[in-house]
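Data file: structure16.cif. Format and content: mmCIF, C-alpha atoms.
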data_upload
loop_
_atom_site.label_atom_id
_atom_site.label_comp_id
_atom_site.auth_asym_id
_atom_site.auth_seq_id
_atom_site.Cartn_x
_atom_site.Cartn_y
_atom_site.Cartn_z
CA MET A 67 0.00 0.00 0.00
CA ILE A 68 2.93 2.33 0.64
CA GLY A 69 3.76 2.23 -3.08
CA LEU A 70 0.22 3.38 -3.85
CA GLU A 71 0.56 6.27 -1.40
CA ILE A 72 3.76 7.42 -3.09
CA PHE A 73 2.10 7.10 -6.52
CA ASN A 74 -0.92 9.14 -5.40
CA THR A 75 1.22 11.85 -3.83
CA PHE A 76 3.38 12.07 -6.94
CA ILE A 77 0.36 12.38 -9.25
CA LEU A 78 -1.35 14.94 -7.02
CA LEU A 79 1.80 17.08 -6.86
CA LEU A 80 2.12 16.91 -10.64
CA LEU A 81 -1.58 17.91 -10.90
CA VAL A 82 -0.94 21.06 -8.88
CA VAL A 83 2.14 21.85 -10.97
CA ALA A 84 0.18 21.35 -14.21
CA ALA A 85 -2.74 23.47 -12.98
CA VAL A 86 -0.49 26.37 -11.96
CA ALA A 87 1.62 26.06 -15.11
CA SER A 88 -1.39 26.20 -17.44
CA LEU A 89 -2.35 29.53 -15.85
CA TRP A 90 1.22 30.78 -15.66
CA VAL A 91 2.48 30.38 -19.25
CA ARG A 92 1.84 33.28 -21.61
CA ASP A 93 1.45 31.24 -24.80
CA LEU A 94 -2.13 29.95 -25.03
CA LEU A 95 -1.07 26.95 -27.12
CA VAL A 96 1.32 25.78 -24.39
CA SER A 97 -1.45 26.41 -21.88
CA ALA A 98 -3.84 24.15 -23.83
CA VAL A 99 -1.29 21.35 -24.03
CA VAL A 100 -0.50 21.60 -20.31
CA PHE A 101 -4.25 21.40 -19.71
CA GLY A 102 -4.25 18.14 -21.68
CA VAL A 103 -1.48 16.88 -19.39
CA TYR A 104 -3.66 17.82 -16.40
CA SER A 105 -6.54 15.78 -17.85
CA PHE A 106 -4.29 12.80 -18.40
CA LEU A 107 -2.98 12.91 -14.82
CA MET A 108 -6.58 13.08 -13.62
CA CYS A 109 -7.29 10.00 -15.79
CA LEU A 110 -4.41 8.10 -14.13
CA LEU A 111 -5.74 9.03 -10.71
CA TRP A 112 -9.24 7.81 -11.53
CA ALA A 113 -7.95 4.57 -12.98
CA GLU A 114 -5.95 4.05 -9.79
CA MET A 115 -9.08 4.59 -7.64
CA GLY A 116 -10.98 1.96 -9.65
CA ALA A 117 -13.31 4.26 -11.60
CA VAL A 118 -12.18 2.90 -14.95
CA ASP A 119 -15.21 4.14 -16.89
CA VAL A 120 -14.61 7.70 -15.73
CA ALA A 121 -10.89 7.36 -16.46
CA PHE A 122 -11.69 6.21 -19.99
CA THR A 123 -14.01 9.17 -20.59
CA GLU A 124 -11.40 11.56 -19.19
CA ALA A 125 -8.71 10.11 -21.46
CA THR A 126 -10.83 10.37 -24.62
CA VAL A 127 -12.80 13.56 -23.99
CA GLY A 128 -10.61 15.49 -21.55
CA ALA A 129 -7.12 14.73 -22.81
CA GLY A 130 -8.06 14.03 -26.43
CA ILE A 131 -10.93 15.95 -27.96
CA SER A 132 -11.00 19.02 -25.73
CA THR A 133 -7.28 19.63 -26.28
CA VAL A 134 -7.78 19.36 -30.03
CA VAL A 135 -10.77 21.73 -29.95
CA LEU A 136 -8.86 24.21 -27.77
CA VAL A 137 -5.87 24.13 -30.12
CA ALA A 138 -8.16 24.56 -33.15
CA THR A 139 -9.70 27.63 -31.53
CA ILE A 140 -6.41 29.12 -30.34
CA PHE A 141 -5.02 29.10 -33.89
CA HIS A 142 -7.69 31.67 -34.73
CA LEU A 143 -6.90 33.93 -31.80
CA ARG A 144 -3.93 36.03 -30.82
CA ARG A 145 -1.76 33.44 -29.13
CA LYS A 146 -0.18 35.60 -26.45
CA SER A 147 -2.18 36.16 -23.31
CA ASN A 148 -2.31 39.71 -22.01
CA ASP A 149 -2.01 39.04 -18.31
CA MET B 296 -5.49 43.88 -11.05
CA LYS B 297 -3.60 40.60 -10.79
CA ILE B 298 -3.10 41.02 -7.04
CA LEU B 299 -6.73 42.03 -6.64
CA SER B 300 -8.01 38.90 -8.38
CA LEU B 301 -5.61 36.76 -6.33
CA ILE B 302 -7.44 37.64 -3.09
CA PRO B 303 -10.84 36.07 -3.96
CA ILE B 304 -9.10 33.08 -5.58
CA ILE B 305 -7.12 32.32 -2.42
CA ALA B 306 -10.22 32.92 -0.28
CA ILE B 307 -12.39 30.55 -2.35
CA GLY B 308 -9.60 27.99 -2.63
CA GLY B 309 -9.13 28.01 1.14
CA LEU B 310 -12.88 27.68 1.66
CA LEU B 311 -13.04 24.68 -0.69
CA LEU B 312 -10.07 23.01 1.00
CA TRP B 313 -11.68 23.60 4.38
CA ALA B 314 -15.00 22.15 3.15
CA ALA B 315 -13.21 19.13 1.67
CA GLN B 316 -12.42 17.95 5.20
CA ASP B 317 -16.08 16.98 5.58
CA PHE B 318 -15.92 14.50 2.69
CA PRO B 319 -16.13 10.84 3.65
CA LYS B 320 -12.90 8.86 3.36
CA TRP B 321 -12.27 7.04 0.07
CA GLY B 322 -14.05 3.67 0.16
CA ASP B 323 -15.81 4.49 3.44
CA VAL B 324 -18.67 2.02 4.06
CA GLU B 325 -20.37 4.51 6.39
CA SER B 326 -20.60 7.27 3.77
CA PRO B 327 -24.12 8.26 2.63
CA ALA B 328 -23.46 7.00 -0.91
CA SER B 329 -22.50 3.53 0.34
CA LYS B 330 -25.30 3.29 2.92
CA SER B 331 -28.06 4.30 0.51
CA PRO B 332 -30.35 1.38 -0.46
CA VAL B 333 -30.10 2.47 -4.11
CA SER B 334 -26.38 1.63 -4.29
CA SER B 335 -26.82 -1.83 -2.83
CA HIS B 336 -29.72 -2.45 -5.22
CA PHE B 337 -27.58 -1.57 -8.24
CA ILE B 338 -24.60 -3.56 -6.98
CA GLY B 339 -26.66 -6.61 -6.08
CA LYS B 340 -29.36 -6.70 -8.74
CA THR B 341 -27.79 -5.38 -11.95
CA GLY B 342 -26.48 -8.79 -12.98
CA VAL B 343 -29.82 -10.44 -12.19
CA ASP B 344 -32.01 -7.78 -13.81
CA THR B 345 -30.10 -7.14 -17.00
CA GLU B 346 -27.34 -9.76 -17.43
CA VAL B 347 -24.89 -6.86 -17.86
CA PRO B 348 -21.62 -7.37 -15.93
CA ASN B 349 -20.54 -3.72 -16.11
CA MET B 350 -22.98 -1.99 -13.78
CA VAL B 351 -21.82 1.49 -14.82
CA THR B 352 -23.16 0.89 -18.33
CA ALA B 353 -26.35 -0.64 -16.93
CA VAL B 354 -26.98 2.41 -14.75
CA LEU B 355 -26.19 4.84 -17.57
CA ALA B 356 -28.15 3.19 -20.37
CA ASP B 357 -30.98 1.48 -18.52
CA TYR B 358 -31.74 2.64 -14.98
CA ARG B 359 -31.21 6.29 -15.88
CA GLY B 360 -31.69 5.97 -19.62
CA PHE B 361 -33.83 9.09 -19.73
CA ASP B 362 -30.91 11.25 -18.51
CA THR B 363 -28.54 9.71 -21.02
CA MET B 364 -30.99 10.32 -23.85
CA PHE B 365 -31.14 14.02 -23.11
CA GLU B 366 -27.37 14.16 -22.57
CA THR B 367 -27.11 12.97 -26.16
CA VAL B 368 -29.59 15.67 -27.17
CA VAL B 369 -27.40 18.24 -25.36
CA VAL B 370 -24.37 17.11 -27.39
CA PHE B 371 -26.47 17.42 -30.56
CA ILE B 372 -27.68 20.92 -29.64
CA ALA B 373 -24.12 22.02 -28.82
CA GLY B 374 -23.00 20.92 -32.28
CA MET B 375 -25.98 22.69 -33.89
CA ALA B 376 -25.18 25.88 -31.98
CA VAL B 377 -21.54 25.93 -33.13
CA LEU B 378 -22.69 25.31 -36.69
CA ALA B 379 -25.33 28.06 -36.50
CA ILE B 380 -22.84 30.60 -35.17
CA LEU B 381 -19.96 29.80 -37.50
CA LYS B 382 -21.77 28.91 -40.72
CA GLY B 383 -21.39 31.62 -43.29
CA SER B 384 -19.21 33.72 -41.02
CA THR B 385 -16.80 35.60 -43.26
CA ARG B 386 -14.77 37.18 -40.49
CA GLY B 387 -11.09 36.99 -41.22
CA ASN B 388 -11.38 34.60 -44.14
CA SER B 389 -9.44 36.92 -46.38
CA ARG B 390 -6.47 37.60 -44.14
CA ARG B 391 -3.78 34.97 -44.09
CA LYS B 392 -2.88 33.47 -40.77
CA ASP B 393 0.73 33.13 -39.78
CA HIS B 394 0.49 29.37 -39.38
CA GLU B 395 -0.85 28.77 -42.89
CA VAL B 396 1.83 27.48 -45.19
CA GLU B 397 1.46 26.15 -48.70
CA ALA B 398 2.87 22.68 -48.32
CA GLU B 399 2.11 19.16 -49.39
CA PRO B 400 0.99 16.81 -46.62
CA ASP B 401 4.04 15.23 -45.02
CA LEU B 402 4.81 11.75 -46.40
CA ILE B 403 5.80 10.17 -43.07
CA VAL B 404 2.84 11.65 -41.20
CA THR B 405 0.25 10.66 -43.80
CA ASN B 406 1.55 7.11 -44.10
CA THR B 407 1.60 6.67 -40.33
CA VAL B 408 -1.96 7.98 -40.12
CA ARG B 409 -2.98 5.65 -42.95
CA LEU B 410 -1.84 2.75 -40.76
CA ILE B 411 -3.24 4.07 -37.48
CA VAL B 412 -6.73 5.22 -38.51
CA PRO B 413 -8.19 1.73 -39.22
CA VAL B 414 -6.85 0.53 -35.86
CA ILE B 415 -8.46 3.47 -34.05
CA GLN B 416 -11.77 2.83 -35.80
CA ILE B 417 -11.78 -0.89 -34.98
CA PHE B 418 -10.92 -0.05 -31.38
CA ALA B 419 -13.80 2.46 -31.36
CA PHE B 420 -16.22 -0.26 -32.50
CA TYR B 421 -14.80 -2.61 -29.86
CA VAL B 422 -15.24 -0.01 -27.11
CA LEU B 423 -18.80 0.69 -28.27
CA ALA B 424 -19.88 -2.93 -28.59
CA HIS B 425 -18.00 -4.21 -25.54
CA GLY B 426 -19.26 -1.46 -23.23
CA HIS B 427 -21.45 -3.92 -21.31
CA VAL B 428 -18.62 -6.17 -20.27
CA SER B 429 -15.65 -3.85 -19.95
CA PRO B 430 -15.30 -0.09 -19.42
CA GLY B 431 -16.49 1.88 -22.40
CA GLY B 432 -19.71 2.59 -24.20
CA GLY B 433 -21.32 4.94 -26.65
CA PHE B 434 -19.68 8.19 -25.58
CA GLN B 435 -16.14 6.84 -25.47
CA GLY B 436 -16.50 4.84 -28.67
CA GLY B 437 -18.07 7.81 -30.44
CA VAL B 438 -15.30 10.15 -29.33
CA LEU B 439 -12.65 7.69 -30.55
CA MET B 440 -14.42 7.39 -33.90
CA GLY B 441 -14.66 11.17 -34.23
CA ALA B 442 -10.97 11.47 -33.28
CA SER B 443 -10.01 9.22 -36.20
CA PHE B 444 -11.66 11.66 -38.64
CA ILE B 445 -10.00 14.60 -36.86
CA LEU B 446 -6.65 12.84 -37.29
CA ILE B 447 -7.28 12.66 -41.05
CA ALA B 448 -8.10 16.37 -41.07
CA LEU B 449 -4.94 17.18 -39.12
CA SER B 450 -2.53 15.19 -41.25
CA TRP B 451 -3.90 15.94 -44.73
CA ASP B 452 -6.27 18.89 -44.73
CA LEU B 453 -9.86 19.54 -43.82
CA GLU B 454 -11.14 19.06 -47.39
CA LYS B 455 -9.96 15.45 -47.42
CA ALA B 456 -11.74 14.65 -44.16
CA VAL B 457 -14.88 16.53 -45.21
CA SER B 458 -14.93 14.67 -48.54
CA ARG B 459 -15.11 11.44 -46.50
CA PHE B 460 -17.66 12.67 -43.98
CA SER B 461 -19.40 15.87 -45.06
CA ILE B 462 -21.02 18.17 -42.55
CA GLU B 463 -24.50 17.55 -44.02
CA ARG B 464 -23.96 13.83 -43.52
CA CYS B 465 -22.64 14.58 -40.01
CA MET B 466 -25.89 16.25 -39.04
CA ILE B 467 -27.98 13.44 -40.54
CA VAL B 468 -25.94 10.80 -38.66
CA ALA B 469 -26.17 12.84 -35.45
CA ALA B 470 -29.95 13.13 -35.74
CA LEU B 471 -30.17 9.44 -36.64
CA GLY B 472 -28.41 8.56 -33.37
CA ILE B 473 -31.05 10.35 -31.35
CA VAL B 474 -33.82 8.77 -33.46
CA ILE B 475 -32.35 5.30 -32.72
CA TYR B 476 -32.27 6.05 -29.00
CA GLY B 477 -35.74 7.54 -28.88
CA GLY B 478 -37.05 4.87 -31.26
CA ILE B 479 -35.99 2.05 -28.94
CA GLY B 480 -37.69 3.89 -26.08
CA LEU B 481 -40.83 4.45 -28.13
CA LEU B 482 -40.88 0.84 -29.31
CA SER B 483 -40.88 -0.43 -25.74
CA MET B 484 -43.70 2.01 -25.00
CA MET B 485 -45.74 0.72 -27.94
CA LEU B 486 -45.20 -2.85 -26.78
CA GLY B 487 -47.01 -2.08 -23.55
CA GLY B 488 -44.29 -0.92 -21.19
CA GLU B 489 -43.15 2.55 -20.25
CA PHE B 490 -40.83 4.80 -22.25
CA LEU B 491 -37.34 3.20 -22.31
CA ASP B 492 -38.65 0.11 -20.48
CA TYR B 493 -36.45 -2.25 -22.51
CA ALA B 494 -37.72 -5.47 -20.93
CA GLU B 495 -40.87 -5.23 -23.07
CA LEU B 496 -38.75 -5.76 -26.18
CA GLU B 497 -38.80 -9.50 -25.42
CA ARG B 498 -41.95 -9.63 -27.56
CA VAL B 499 -40.03 -8.75 -30.72
CA LEU B 500 -36.66 -10.25 -29.78
CA PRO B 501 -36.31 -14.03 -29.40
CA VAL B 502 -34.70 -13.69 -25.96
CA SER B 503 -35.60 -13.50 -22.27
CA ARG B 504 -36.60 -10.25 -20.53
CA GLU B 505 -33.12 -9.85 -19.07
CA MET B 506 -31.37 -10.38 -22.40
CA ALA B 507 -33.85 -7.98 -24.05
CA ARG B 508 -32.56 -5.25 -21.73
CA TYR B 509 -28.99 -6.31 -22.54
CA HIS B 510 -29.52 -6.00 -26.29
CA ALA B 511 -31.57 -2.81 -26.06
CA MET B 512 -28.70 -1.22 -24.13
CA LEU B 513 -26.38 -2.11 -27.01
CA GLY B 514 -28.81 -0.46 -29.45
CA VAL B 515 -29.01 2.65 -27.32
CA GLU B 516 -25.22 2.85 -27.07
CA ILE B 517 -24.98 2.62 -30.85
CA GLY B 518 -27.35 5.60 -31.09
CA VAL B 519 -25.19 7.60 -28.65
CA GLY B 520 -22.08 6.60 -30.59
CA PHE B 521 -23.58 7.88 -33.89
CA THR B 522 -24.42 11.27 -32.42
CA VAL B 523 -21.11 11.76 -30.60
CA THR B 524 -19.00 10.70 -33.61
CA ALA B 525 -20.72 13.13 -35.94
CA ILE B 526 -20.84 16.06 -33.53
CA MET B 527 -17.18 15.73 -32.48
CA PHE B 528 -16.05 15.86 -36.09
CA ALA B 529 -18.46 18.68 -36.99
CA LEU B 530 -17.25 20.70 -33.98
CA TYR B 531 -13.61 20.31 -34.97
CA ALA B 532 -14.25 21.01 -38.66
CA ASN B 533 -16.11 24.23 -37.95
CA LEU B 534 -13.88 25.52 -35.15
CA SER B 535 -10.62 24.90 -36.98
CA SER B 536 -11.73 26.70 -40.15
CA GLU B 537 -14.06 29.36 -38.68
CA GLY B 538 -16.96 27.71 -40.46
CA SER B 539 -15.54 27.91 -43.99
CA LEU B 540 -14.55 24.18 -44.02
CA LYS B 541 -11.45 24.99 -46.07
CA GLN B 542 -7.79 24.51 -45.20
CA GLY B 543 -8.29 24.11 -41.47
CA LEU B 544 -5.21 24.27 -39.30
#
So that I can check it, write out the structure of this file as structure tokens.
Amino acid sequence: MIGLEIFNTFILLLLVVAAVASLWVRDLLVSAVVFGVYSFLMCLLWAEMGAVDVAFTEATVGAGISTVVLVATIFHLRRKSND
Amino acid sequence: MKILSLIPIIAIGGLLLWAAQDFPKWGDVESPASKSPVSSHFIGKTGVDTEVPNMVTAVLADYRGFDTMFETVVVFIAGMAVLAILKGSTRGNSRRKDHEVEAEPDLIVTNTVRLIVPVIQIFAFYVLAHGHVSPGGGFQGGVLMGASFILIALSWDLEKAVSRFSIERCMIVAALGIVIYGGIGLLSMMLGGEFLDYAELERVLPVSREMARYHAMLGVEIGVGFTVTAIMFALYANLSSEGSLKQGL
């Protein structure tokens, strides 16, 4: 069980890093990709907790399609964030 | 301004963290969700009632089939809304974007995609059809299927993907998905049950009441898969080209 604790802590720390980083970076494209990383970490966490159906949905919709849609939209905007 | 917005964010974040202490522990048998008679009914009776081993699918497609039907309708309406806003929009079509380059599709990328796309599509069918037994179902399978078309649009250009799956056909397929879902519900109503009461389908299917629910769930998932596939691709096609359906990214 101690291995699981270390795994959970590691993923949760990475989640916080990804969440802060996606707000921090000035390039919106990088922000969208980091957001995809956040979704994928969330998917790992759900799979670890046994909610495999939710993890599957997160992997396809959260990490896959929503990243693609965000990137498609960002290409039509000014890429640099103002704040 | 940045400092000013930081104050409410920290306040709300602290409040949420403080409230999170009240959550039951993970896997707690004493938590309200575990003690509720509804949970034990689903856990104990799903296999008996419907012959479906994956109780998540059984809950989504059967016990709360009405919710799932209108979730599918929400996906459909979202796709319609994007289409209605972007269709015929001429904003910025004339100016060239900095990322647009006149180039042939890359040989390595297109050949890799040629190999990968059939595998993705077969996996999508597997996820859709195997959703009763293993994790998966209509939404996931539909998203995977839509992603395979998006991959074609990314590696060649949007025209190639649209020539395979035009937006008009997208909308027909999306509407067909909802018609399949609602049709199965209506059929069980006409056979004497209630709306989406799949067990009544035993009169037209040569199976028991339990297996009728099993097969009706598969039909319903196929309907969801149709709608999600079409809407995901239509969303991408319109968003990436501002509704003009040319060039894309």
Using only C-alpha atoms, I'd like a table of the residues in chain A that come within 10 Å of chain B; for each, show the closest atom pair and its distance in Å rounded to one decimal, ordered by chain and ascending number, as a Markdown table.
| residue | atom | partner | partner_atom | distance |
| --- | --- | --- | --- | --- |
| A:Met115 | CA | B:Trp321 | CA | 8.7 |
| A:Ala117 | CA | B:Pro430 | CA | 9.2 |
| A:Val118 | CA | B:Pro430 | CA | 6.2 |
| A:Asp119 | CA | B:Pro430 | CA | 4.9 |
| A:Val120 | CA | B:Pro430 | CA | 8.6 |
| A:Ala121 | CA | B:Pro430 | CA | 9.1 |
| A:Phe122 | CA | B:Gly431 | CA | 6.9 |
| A:Thr123 | CA | B:Gln435 | CA | 5.8 |
| A:Glu124 | CA | B:Gln435 | CA | 9.2 |
| A:Ala125 | CA | B:Gln435 | CA | 9.1 |
| A:Thr126 | CA | B:Gln435 | CA | 6.4 |
| A:Val127 | CA | B:Val438 | CA | 6.8 |
| A:Gly130 | CA | B:Ala442 | CA | 7.9 |
| A:Ile131 | CA | B:Ala442 | CA | 7.0 |
| A:Ser132 | CA | B:Tyr531 | CA | 9.7 |
| A:Val134 | CA | B:Tyr531 | CA | 7.7 |
| A:Val135 | CA | B:Tyr531 | CA | 5.9 |
| A:Leu136 | CA | B:Leu534 | CA | 9.0 |
| A:Val137 | CA | B:Ser535 | CA | 8.4 |
| A:Ala138 | CA | B:Ser535 | CA | 4.6 |
| A:Thr139 | CA | B:Leu534 | CA | 5.9 |
| A:Ile140 | CA | B:Ser535 | CA | 8.9 |
| A:Phe141 | CA | B:Leu544 | CA | 7.3 |
| A:His142 | CA | B:Ser535 | CA | 7.7 |
| A:Leu143 | CA | B:Lys392 | CA | 9.8 |
| A:Asp149 | CA | B:Lys297 | CA | 7.8 |
Can you turn the PyMOL selection byres ((chain A and resi 87-98) around 7) into a concrete residue list for this file, as JSON, numbers by chain? {"A": [83, 84, 85, 86, 99, 100, 101, 102, 133, 136, 137, 140, 145, 146, 147]}
Pairwise distance, CA of Gly477 in chain B with CA of Ala419 in chain B, equals 22.7 Å
Report, as AutoDock Vina command-line options, the centre and edge lengths in Å (one decimal) of the axis-aligned box enclosing every listed atom of range 444-449 of chain B, padded by 4 Å on each side.
--center_x -8.3 --center_y 14.4 --center_z -39.0 --size_x 14.7 --size_y 13.5 --size_z 12.2
Residue members of the PyMOL selection byres ((chain B and resi 369) around 12) in the file shown, as a PyMOL selection string: chain B and resi 362-368+370-376+469-470+473+519+522-523+526
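We find CA of Gly488 in chain B and CA of Gly360 in chain B to be spaced 14.4 Å apart.
CA of Ala456 in chain B is found 17.8 Å from CA of Lys382 in chain B.
Matched in the shown structure by the PyMOL selection byres ((chain B and resi 497) around 10): B:Ser483, B:Leu486, B:Tyr493, B:Ala494, B:Glu495, B:Leu496, B:Arg498, B:Val499, B:Leu500, B:Pro501, B:Val502, B:Ser503, B:Arg504, B:Glu505, B:Met506, B:Ala507, B:Arg508, B:His510, B:Ala511.
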With distances taken over all atoms listed in the file, which residue among A:Ala129, A:Asn74, A:Ile68, A:Arg144 lies nearest Glu114 in chain A? A:Asn74
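Compared by their closest atoms to Leu402 in chain B, and using only C-alpha atoms, the residues B:Ala424, B:Arg464, B:Trp451, B:Ile475 rank with B:Trp451 nearest.
Each of B:Leu410, B:Leu540, B:Ile479, B:Leu310 was checked against Phe460 in chain B using only C-alpha atoms; the smallest atom-to-atom distance is that of B:Leu540.
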